[in-house]
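One file, query.pdb, carrying PDB, C-alpha atoms:
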ATOM      1  CA  MET B   1     130.516 101.016 129.321  1.00  0.00           C
ATOM      2  CA  ARG B   2     130.917  98.056 126.977  1.00  0.00           C
ATOM      3  CA  LYS B   3     133.965  99.582 125.274  1.00  0.00           C
ATOM      4  CA  PHE B   4     135.490 100.375 128.669  1.00  0.00           C
ATOM      5  CA  LYS B   5     135.017  96.801 129.872  1.00  0.00           C
ATOM      6  CA  LYS B   6     136.506  95.405 126.667  1.00  0.00           C
ATOM      7  CA  ALA B   7     139.522  97.735 126.954  1.00  0.00           C
ATOM      8  CA  LEU B   8     139.978  96.912 130.654  1.00  0.00           C
ATOM      9  CA  PHE B   9     140.032  93.152 130.061  1.00  0.00           C
ATOM     10  CA  ALA B  10     142.432  93.601 127.118  1.00  0.00           C
ATOM     11  CA  LYS B  11     144.827  95.506 129.369  1.00  0.00           C
ATOM     12  CA  ILE B  12     144.521  92.889 132.122  1.00  0.00           C
ATOM     13  CA  ARG B  13     145.330  90.169 129.594  1.00  0.00           C
ATOM     14  CA  PHE B  14     148.342  92.124 128.288  1.00  0.00           C
ATOM     15  CA  TRP B  15     149.799  93.453 131.558  1.00  0.00           C
ATOM     16  CA  PHE B  16     149.199  90.436 133.789  1.00  0.00           C
ATOM     17  CA  SER B  17     149.007  87.552 131.273  1.00  0.00           C
ATOM     18  CA  CYS B  18     145.608  86.665 132.707  1.00  0.00           C
ATOM     19  CA  ASP B  19     142.821  85.116 130.684  1.00  0.00           C
ATOM     20  CA  ILE B  20     139.580  85.883 132.472  1.00  0.00           C
ATOM     21  CA  PRO B  21     136.770  86.215 129.921  1.00  0.00           C
ATOM     22  CA  ARG B  22     134.857  89.448 130.200  1.00  0.00           C
ATOM     23  CA  LYS B  23     131.624  87.458 129.912  1.00  0.00           C
ATOM     24  CA  HIS B  24     132.427  85.731 133.215  1.00  0.00           C
ATOM     25  CA  ARG B  25     130.220  86.861 136.071  1.00  0.00           C
ATOM     26  CA  ILE B  26     132.825  87.666 138.665  1.00  0.00           C
ATOM     27  CA  ASN B  27     131.286  88.610 141.967  1.00  0.00           C
ATOM     28  CA  LYS B  28     132.794  90.828 144.649  1.00  0.00           C
ATOM     29  CA  SER B  29     133.878  87.846 146.724  1.00  0.00           C
ATOM     30  CA  LEU B  30     136.348  86.513 144.128  1.00  0.00           C
ATOM     31  CA  HIS B  31     139.853  87.645 145.068  1.00  0.00           C
ATOM     32  CA  PHE B  32     142.957  87.407 142.885  1.00  0.00           C
ATOM     33  CA  HIS B  33     146.228  87.538 144.842  1.00  0.00           C
ATOM     34  CA  HIS B  34     149.415  88.226 142.850  1.00  0.00           C
ATOM     35  CA  CYS B  35     147.365  88.423 139.685  1.00  0.00           C
ATOM     36  CA  VAL B  36     149.724  86.955 137.081  1.00  0.00           C
ATOM     37  CA  GLY B  37     149.040  84.082 134.691  1.00  0.00           C
ATOM     38  CA  ILE B  38     145.520  83.243 135.875  1.00  0.00           C
ATOM     39  CA  VAL B  39     143.177  81.443 133.467  1.00  0.00           C
ATOM     40  CA  VAL B  40     139.491  81.087 134.380  1.00  0.00           C
ATOM     41  CA  SER B  41     136.948  79.453 132.087  1.00  0.00           C
ATOM     42  CA  VAL B  42     133.825  81.457 131.354  1.00  0.00           C
ATOM     43  CA  LYS B  43     131.730  78.427 132.393  1.00  0.00           C
ATOM     44  CA  ALA B  44     133.407  77.816 135.756  1.00  0.00           C
ATOM     45  CA  VAL B  45     130.957  78.450 138.609  1.00  0.00           C
ATOM     46  CA  PHE B  46     131.904  80.217 141.850  1.00  0.00           C
ATOM     47  CA  THR B  47     129.217  79.925 144.535  1.00  0.00           C
ATOM     48  CA  GLY B  48     130.904  82.062 147.173  1.00  0.00           C
ATOM     49  CA  GLU B  49     134.151  83.626 148.319  1.00  0.00           C
ATOM     50  CA  ALA B  50     137.261  82.300 146.588  1.00  0.00           C
ATOM     51  CA  HIS B  51     140.904  83.343 146.785  1.00  0.00           C
ATOM     52  CA  ILE B  52     143.087  82.587 143.763  1.00  0.00           C
ATOM     53  CA  TRP B  53     146.864  82.995 143.640  1.00  0.00           C
ATOM     54  CA  GLN B  54     149.190  83.350 140.624  1.00  0.00           C
ATOM     55  CA  ASN B  55     149.418  80.947 137.678  1.00  0.00           C
ATOM     56  CA  VAL B  56     146.176  79.130 138.492  1.00  0.00           C
ATOM     57  CA  THR B  57     144.102  77.468 135.777  1.00  0.00           C
ATOM     58  CA  ILE B  58     140.393  76.771 136.257  1.00  0.00           C
ATOM     59  CA  GLY B  59     139.060  75.160 133.128  1.00  0.00           C
ATOM     60  CA  GLY B  60     136.893  72.598 131.470  1.00  0.00           C
ATOM     61  CA  VAL B  61     137.401  69.217 129.863  1.00  0.00           C
ATOM     62  CA  GLN B  62     135.007  67.890 127.216  1.00  0.00           C
ATOM     63  CA  GLY B  63     132.315  70.425 128.086  1.00  0.00           C
ATOM     64  CA  GLU B  64     132.469  69.831 131.849  1.00  0.00           C
ATOM     65  CA  TYR B  65     133.496  72.683 134.158  1.00  0.00           C
ATOM     66  CA  PRO B  66     134.387  73.113 137.855  1.00  0.00           C
ATOM     67  CA  LYS B  67     131.997  74.288 140.552  1.00  0.00           C
ATOM     68  CA  ILE B  68     133.833  76.024 143.363  1.00  0.00           C
ATOM     69  CA  GLY B  69     132.276  76.542 146.799  1.00  0.00           C
ATOM     70  CA  ASN B  70     132.563  79.197 149.478  1.00  0.00           C
ATOM     71  CA  HIS B  71     135.831  80.053 151.276  1.00  0.00           C
ATOM     72  CA  VAL B  72     138.048  78.209 148.799  1.00  0.00           C
ATOM     73  CA  TYR B  73     141.766  78.977 148.584  1.00  0.00           C
ATOM     74  CA  ILE B  74     143.510  77.913 145.367  1.00  0.00           C
ATOM     75  CA  LEU B  75     147.236  78.419 145.806  1.00  0.00           C
ATOM     76  CA  SER B  76     149.971  79.104 143.227  1.00  0.00           C
ATOM     77  CA  ASN B  77     150.311  76.992 140.064  1.00  0.00           C
ATOM     78  CA  ALA B  78     147.271  74.826 140.811  1.00  0.00           C
ATOM     79  CA  CYS B  79     144.938  73.480 138.116  1.00  0.00           C
ATOM     80  CA  VAL B  80     141.273  72.703 138.684  1.00  0.00           C
ATOM     81  CA  ILE B  81     139.920  71.080 135.550  1.00  0.00           C
ATOM     82  CA  GLY B  82     136.874  69.142 134.443  1.00  0.00           C
ATOM     83  CA  ASN B  83     133.645  68.217 136.163  1.00  0.00           C
ATOM     84  CA  VAL B  84     134.748  68.672 139.772  1.00  0.00           C
ATOM     85  CA  ASN B  85     133.004  70.095 142.805  1.00  0.00           C
ATOM     86  CA  ILE B  86     135.172  71.901 145.313  1.00  0.00           C
ATOM     87  CA  GLY B  87     133.345  72.058 148.648  1.00  0.00           C
ATOM     88  CA  ASP B  88     133.232  74.932 151.112  1.00  0.00           C
ATOM     89  CA  ASN B  89     136.270  75.742 153.292  1.00  0.00           C
ATOM     90  CA  VAL B  90     138.861  74.037 151.084  1.00  0.00           C
ATOM     91  CA  ILE B  91     142.542  74.660 150.412  1.00  0.00           C
ATOM     92  CA  ILE B  92     143.982  73.487 147.096  1.00  0.00           C
ATOM     93  CA  GLY B  93     147.744  73.289 147.610  1.00  0.00           C
ATOM     94  CA  ALA B  94     150.342  74.918 145.409  1.00  0.00           C
ATOM     95  CA  GLY B  95     151.069  72.964 142.230  1.00  0.00           C
ATOM     96  CA  SER B  96     148.107  70.625 142.678  1.00  0.00           C
ATOM     97  CA  VAL B  97     146.137  69.218 139.748  1.00  0.00           C
ATOM     98  CA  VAL B  98     142.521  68.670 140.762  1.00  0.00           C
ATOM     99  CA  THR B  99     140.607  66.278 138.506  1.00  0.00           C
ATOM    100  CA  LYS B 100     138.251  64.799 141.127  1.00  0.00           C
ATOM    101  CA  SER B 101     135.871  66.468 143.556  1.00  0.00           C
ATOM    102  CA  VAL B 102     137.177  67.684 146.919  1.00  0.00           C
ATOM    103  CA  PRO B 103     134.866  67.480 149.967  1.00  0.00           C
ATOM    104  CA  ALA B 104     134.166  70.439 152.225  1.00  0.00           C
ATOM    105  CA  ASN B 105     136.497  71.363 155.101  1.00  0.00           C
ATOM    106  CA  SER B 106     139.597  69.738 153.648  1.00  0.00           C
ATOM    107  CA  ILE B 107     143.044  70.267 152.137  1.00  0.00           C
ATOM    108  CA  ALA B 108     143.939  68.691 148.784  1.00  0.00           C
ATOM    109  CA  VAL B 109     147.492  68.552 147.392  1.00  0.00           C
ATOM    110  CA  GLY B 110     149.516  66.752 144.755  1.00  0.00           C
ATOM    111  CA  ASN B 111     149.335  65.641 141.164  1.00  0.00           C
ATOM    112  CA  PRO B 112     146.751  64.230 140.973  1.00  0.00           C
ATOM    113  CA  ALA B 113     145.347  66.006 144.025  1.00  0.00           C
ATOM    114  CA  ARG B 114     144.307  63.937 147.009  1.00  0.00           C
ATOM    115  CA  VAL B 115     142.795  64.965 150.332  1.00  0.00           C
ATOM    116  CA  ILE B 116     145.415  64.987 153.081  1.00  0.00           C
ATOM    117  CA  ARG B 117     143.309  66.544 155.854  1.00  0.00           C
ATOM    118  CA  SER B 118     139.601  66.752 156.408  1.00  0.00           C
ATOM    119  CA  SER B 119     137.130  67.930 159.048  1.00  0.00           C
ATOM    120  CA  LEU B 120     138.896  71.280 159.419  1.00  0.00           C
ATOM    121  CA  THR B 121     137.188  74.324 160.893  1.00  0.00           C
ATOM    122  CA  MET B 122     137.121  77.670 159.132  1.00  0.00           C
ATOM    123  CA  GLU B 123     139.619  79.046 161.674  1.00  0.00           C
ATOM    124  CA  GLU B 124     142.057  76.191 160.905  1.00  0.00           C
ATOM    125  CA  ILE B 125     141.695  76.825 157.175  1.00  0.00           C
ATOM    126  CA  LYS B 126     142.454  80.556 157.555  1.00  0.00           C
ATOM    127  CA  ASP B 127     145.363  79.795 159.876  1.00  0.00           C
ATOM    128  CA  LYS B 128     146.895  77.413 157.303  1.00  0.00           C
ATOM    129  CA  VAL B 129     146.592  79.965 154.495  1.00  0.00           C
ATOM    130  CA  TRP B 130     147.422  83.211 156.249  1.00  0.00           C
ATOM    131  CA  GLY B 131     149.748  81.783 158.910  1.00  0.00           C
TER
END

Could you write out this structure as structure tokens?
Amino acid sequence: MRKFKKALFAKIRFWFSCDIPRKHRINKSLHFHHCVGIVVSVKAVFTGEAHIWQNVTIGGVQGEYPKIGNHVYILSNACVIGNVNIGDNVIIGAGSVVTKSVPANSIAVGNPARVIRSSLTMEEIKDKVWG
């Protein structure tokens, strides 16, 4: 099983240019959409369902790593780096660079990312992402 897992992650890294360490505990509720160019630190923590699009980086800075909540949508080309907490029911907009925590039920966009909407319901979040 260990050799299979090592070979599988090597193929994922080669075919899709993704760097997801095989030591990372990826649960069933972590979804990769358009899985190309995704980098996820082994020490990043996912506490629930997360949807990650292409070319997303989730990494650490000086030994500090992100904690990502439940029902989080990280759209294309976004970076979530450092000691940040992403709350539940959050959208991180395409191309955003998140270096500060984002509260629950909100949308954060920009470089550096800032909250543009808050107090959203789960239905509003899904409607914004899935149209």

**Asked** atom CA of B:Trp130 and atom CA of B:Asn83 are how many Å apart?
**Response**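 According to the coordinates, atom CA of B:Trp130 and atom CA of B:Asn83 are separated by 28.6 Å.
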
- prompt: What gap, in Å, lies between atom CA of B:Thr99 and atom CA of B:Glu123?
  reply: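 Computing the Euclidean distance for atom CA of B:Thr99 and atom CA of B:Glu123 yields 26.5 Å.
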
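Relative to atom CA of B:Glu49, atom CA of B:Ile125 is found at 13.5 Å.
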
For B:Asn70, which of B:Gly48, B:Ser119, B:Asn55, B:Gly82 is the closest residue, counting all atoms listed in the file?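 Of all the options, B:Gly48 lies closest to B:Asn70.
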
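Counting all atoms listed in the file and comparing B:Thr47, B:Ser106, B:Ser96, B:Ser41, the residue that lies closest to B:Gly60 is B:Ser41.
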
May I have the centre and edge lengths, in Å to one decimal, of an axis-aligned box around the listed atoms of stretch 94-103 of chain B with 8 Å added to every side, as AutoDock Vina command-line options?
--center_x 143.0 --center_y 69.9 --center_z 144.2 --size_x 32.2 --size_y 26.1 --size_z 27.5

- Which protein, DNA or RNA residues are at most 10 Å from (137.8, 68.7, 130.7) in the file's coordinates when you count all atoms listed in the file, listed as a ChimeraX atom specification? /B:59-66,80-84,99

If you keep C-alpha atoms, can you produce a file of those selected residues as a PDB file, in the coordinates of the input?
ATOM      1  CA  GLY B  59     139.060  75.160 133.128  1.00  0.00           C
ATOM      2  CA  GLY B  60     136.893  72.598 131.470  1.00  0.00           C
ATOM      3  CA  VAL B  61     137.401  69.217 129.863  1.00  0.00           C
ATOM      4  CA  GLN B  62     135.007  67.890 127.216  1.00  0.00           C
ATOM      5  CA  GLY B  63     132.315  70.425 128.086  1.00  0.00           C
ATOM      6  CA  GLU B  64     132.469  69.831 131.849  1.00  0.00           C
ATOM      7  CA  TYR B  65     133.496  72.683 134.158  1.00  0.00           C
ATOM      8  CA  PRO B  66     134.387  73.113 137.855  1.00  0.00           C
ATOM      9  CA  VAL B  80     141.273  72.703 138.684  1.00  0.00           C
ATOM     10  CA  ILE B  81     139.920  71.080 135.550  1.00  0.00           C
ATOM     11  CA  GLY B  82     136.874  69.142 134.443  1.00  0.00           C
ATOM     12  CA  ASN B  83     133.645  68.217 136.163  1.00  0.00           C
ATOM     13  CA  VAL B  84     134.748  68.672 139.772  1.00  0.00           C
ATOM     14  CA  THR B  99     140.607  66.278 138.506  1.00  0.00           C
TER      15      THR B  99
END

Rank nothing, just name the residue among B:Ile58, B:Lys3, B:Lys100, B:Ile74 nearest to B:His33, using only C-alpha atoms.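 Smallest separation from B:His33 among the options: B:Ile74.
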
Written as a ChimeraX atom specification, what is the full residue list that the PyMOL selection byres ((chain B and resi 116) around 12) yields on the file shown?
-> /B:90-93,102-103,105-110,113-115,117-120

Using all atoms listed in the file, the shortest atom-to-atom distance to B:Ile86 among B:His71, B:Lys126, B:His31, B:Lys43 belongs to B:His71

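Remark: for B:Ala50, the closest of the candidate residues B:Gly69, B:Gly37, B:Gly95, B:Gly131 is B:Gly69 (distances computed over only C-alpha atoms).
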
inquiry  = Ranking B:Ile52, B:Val36, B:Val129, B:Ile68 by minimum distance to B:Asp88 and counting only C-alpha atoms, which one comes first?
reply    =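 Among the listed residues, B:Ile68 lies closest to B:Asp88.
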
Can you take the partial stretch 61-86 of chain B, add N, CA and C atoms, and return it as a short mmCIF file (atom, residue, chain, number, x, y, z; two decimals), keeping the file's coordinate frame?
data_model
loop_
_atom_site.label_atom_id
_atom_site.label_comp_id
_atom_site.auth_asym_id
_atom_site.auth_seq_id
_atom_site.Cartn_x
_atom_site.Cartn_y
_atom_site.Cartn_z
N VAL B 61 136.96 70.35 130.67
CA VAL B 61 137.40 69.22 129.86
C VAL B 61 136.15 68.60 129.25
N GLN B 62 136.11 68.50 127.96
CA GLN B 62 135.01 67.89 127.22
C GLN B 62 133.65 68.46 127.64
N GLY B 63 133.58 69.77 127.77
CA GLY B 63 132.32 70.42 128.09
C GLY B 63 131.90 70.38 129.54
N GLU B 64 132.75 69.89 130.41
CA GLU B 64 132.47 69.83 131.85
C GLU B 64 133.36 70.84 132.57
N TYR B 65 132.77 71.59 133.51
CA TYR B 65 133.50 72.68 134.16
C TYR B 65 133.40 72.60 135.68
N PRO B 66 134.38 73.17 136.39
CA PRO B 66 134.39 73.11 137.85
C PRO B 66 133.30 73.97 138.50
N LYS B 67 132.88 73.52 139.68
CA LYS B 67 132.00 74.29 140.55
C LYS B 67 132.76 74.48 141.86
N ILE B 68 132.98 75.72 142.22
CA ILE B 68 133.83 76.02 143.36
C ILE B 68 133.00 76.67 144.45
N GLY B 69 133.09 76.11 145.66
CA GLY B 69 132.28 76.54 146.80
C GLY B 69 132.76 77.81 147.47
N ASN B 70 132.29 78.00 148.69
CA ASN B 70 132.56 79.20 149.48
C ASN B 70 133.81 79.02 150.33
N HIS B 71 134.59 80.06 150.49
CA HIS B 71 135.83 80.05 151.28
C HIS B 71 136.81 79.01 150.75
N VAL B 72 137.10 79.11 149.46
CA VAL B 72 138.05 78.21 148.80
C VAL B 72 139.32 78.99 148.51
N TYR B 73 140.47 78.37 148.80
CA TYR B 73 141.77 78.98 148.58
C TYR B 73 142.52 78.11 147.58
N ILE B 74 142.79 78.64 146.40
CA ILE B 74 143.51 77.91 145.37
C ILE B 74 144.88 78.56 145.24
N LEU B 75 145.90 77.84 145.71
CA LEU B 75 147.24 78.42 145.81
C LEU B 75 148.00 78.32 144.49
N SER B 76 149.17 78.91 144.44
CA SER B 76 149.97 79.10 143.23
C SER B 76 150.13 77.85 142.38
N ASN B 77 150.04 78.03 141.07
CA ASN B 77 150.31 76.99 140.06
C ASN B 77 149.37 75.80 140.12
N ALA B 78 148.23 75.93 140.75
CA ALA B 78 147.27 74.83 140.81
C ALA B 78 146.39 74.83 139.56
N CYS B 79 145.89 73.64 139.22
CA CYS B 79 144.94 73.48 138.12
C CYS B 79 143.70 72.78 138.65
N VAL B 80 142.55 73.33 138.35
CA VAL B 80 141.27 72.70 138.68
C VAL B 80 140.56 72.54 137.36
N ILE B 81 140.44 71.29 136.90
CA ILE B 81 139.92 71.08 135.55
C ILE B 81 138.88 69.98 135.54
N GLY B 82 137.89 70.16 134.66
CA GLY B 82 136.87 69.14 134.44
C GLY B 82 135.67 69.30 135.35
N ASN B 83 134.88 68.24 135.39
CA ASN B 83 133.65 68.22 136.16
C ASN B 83 133.95 67.88 137.62
N VAL B 84 134.43 68.88 138.36
CA VAL B 84 134.75 68.67 139.77
C VAL B 84 133.97 69.66 140.62
N ASN B 85 133.63 69.23 141.82
CA ASN B 85 133.00 70.10 142.80
C ASN B 85 133.99 70.31 143.94
N ILE B 86 134.31 71.55 144.20
CA ILE B 86 135.17 71.90 145.31
C ILE B 86 134.25 72.40 146.41
#
